[in-house]
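Structure, as structure tokens:
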Amino acid sequence: MSRALPKYNKRRVLMIGGTAAVVLSGAVIAGNALAGETSKSGTNATTKAATSPGTVNCPAVAPSLPAIPASAQAEVTRNLTLLDTQIAEANKRLVDTVGQGGPNFVQNAILGPLKDKRVATINRIATAIGRTAAKPTGLDSLAPCTLNANGVNAGGAAATAAPSATATQQAGNTGNTGNTGATGNTGSTTVAGTITCPDVASKLPAIPATAQAEVTRNLTLLNTQITEANTRLANTVGQGGPNFVQNAILGPLADKRKSTIDRIAISIGRTAAKPTGLDSLATCTLNK
């Protein structure tokens, strides 16, 4: 018998300084990913339910904000919307990577990078408010998210939950075992490599004085993002399967860089011609 999966599609409309901002619950994509599919047998229905990746659950940020100055309203609203986009992207990644990696895959490839993105976005909200009012503090505690797994444990536990997914899950876990064994060896097998990203500063046009501070801040952030990615690369040697570095490190890094580069272009474009084509600089590679 087909069993309908629950939907997590909630909306809350928050009034922020007179502007209505729609905040999505962050549980839309994954919750609806399998909705509408009719299982051909009881076994298929059980398999789909057992392999449901769950959804990402993040604390709401808007209710914890103080009064927002009019001068900061647009930037705060934009970043609150970005927080929702980040949750939606994480839920999509959750669905797309079912069966990949070991028991720490979701934390390393999805929840960890999502937290990093949220920290940066929440800090931008606090900074925007702090330019003309008291800067809110303690908002970083809202950055970590959790996994609502719909009764099914994430990671390696899912390998025994669904017969049809067993082969795929075990293949990923076998890869993890092999990688873990390699970390015990000495020599080049333990080298994580380094991440190389295209230089952005050299591709920028003349920067207006009014945009200089923001551009400099975001160029510094690009360097910080690369440093953090290299640290994650070194700390996760031996984890995951063959796509782990792409899914857990390079992919999230490209997303962060795209957002940062977009902010650079926007800041220049406020008082001069907005540079185009910079998105091509977002993608980084791994040098071993």
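Ligands are numbered from 1 in the order shown, residues from 1 within each chain, and chains are lettered A, B, ... in the order they appear in the structure tokens.
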Quiz item: Among stretch 66-286 of chain A, which ones does DSSP place in helix (DSSP H, G or I), written as a ChimeraX atom specification?
Solution: /A:70-96,105-130,139-142,155-160,163-183,188-190,201-203,209-235,244-269,278-281
For the interface of stretch 62-96 of chain A with stretch 258-278 of chain A (cut-off 12 Å, counting only C-alpha atoms), please tabulate each contacting residue of stretch 62-96 of chain A alongside its nearest pair of atoms and their separation in Å to one decimal, rows sorted by chain and increasing number, as JSON lines.
{"residue": "A:Glu75", "atom": "CA", "partner": "A:Arg263", "partner_atom": "CA", "distance": 11.0}
{"residue": "A:Arg78", "atom": "CA", "partner": "A:Arg263", "partner_atom": "CA", "distance": 11.4}
{"residue": "A:Asn79", "atom": "CA", "partner": "A:Ser259", "partner_atom": "CA", "distance": 10.8}
{"residue": "A:Leu82", "atom": "CA", "partner": "A:Ser259", "partner_atom": "CA", "distance": 9.5}
{"residue": "A:Leu83", "atom": "CA", "partner": "A:Ser259", "partner_atom": "CA", "distance": 11.9}
{"residue": "A:Thr85", "atom": "CA", "partner": "A:Ser259", "partner_atom": "CA", "distance": 11.6}
{"residue": "A:Gln86", "atom": "CA", "partner": "A:Ser259", "partner_atom": "CA", "distance": 10.9}
Quiz prompt | Proximity to A:Leu139 - best of A:Asn104, A:Thr97, A:Thr194, A:Ser64, only C-alpha atoms | solution =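 Nearest candidate to A:Leu139 out of A:Asn104, A:Thr97, A:Thr194, A:Ser64: A:Ser64.
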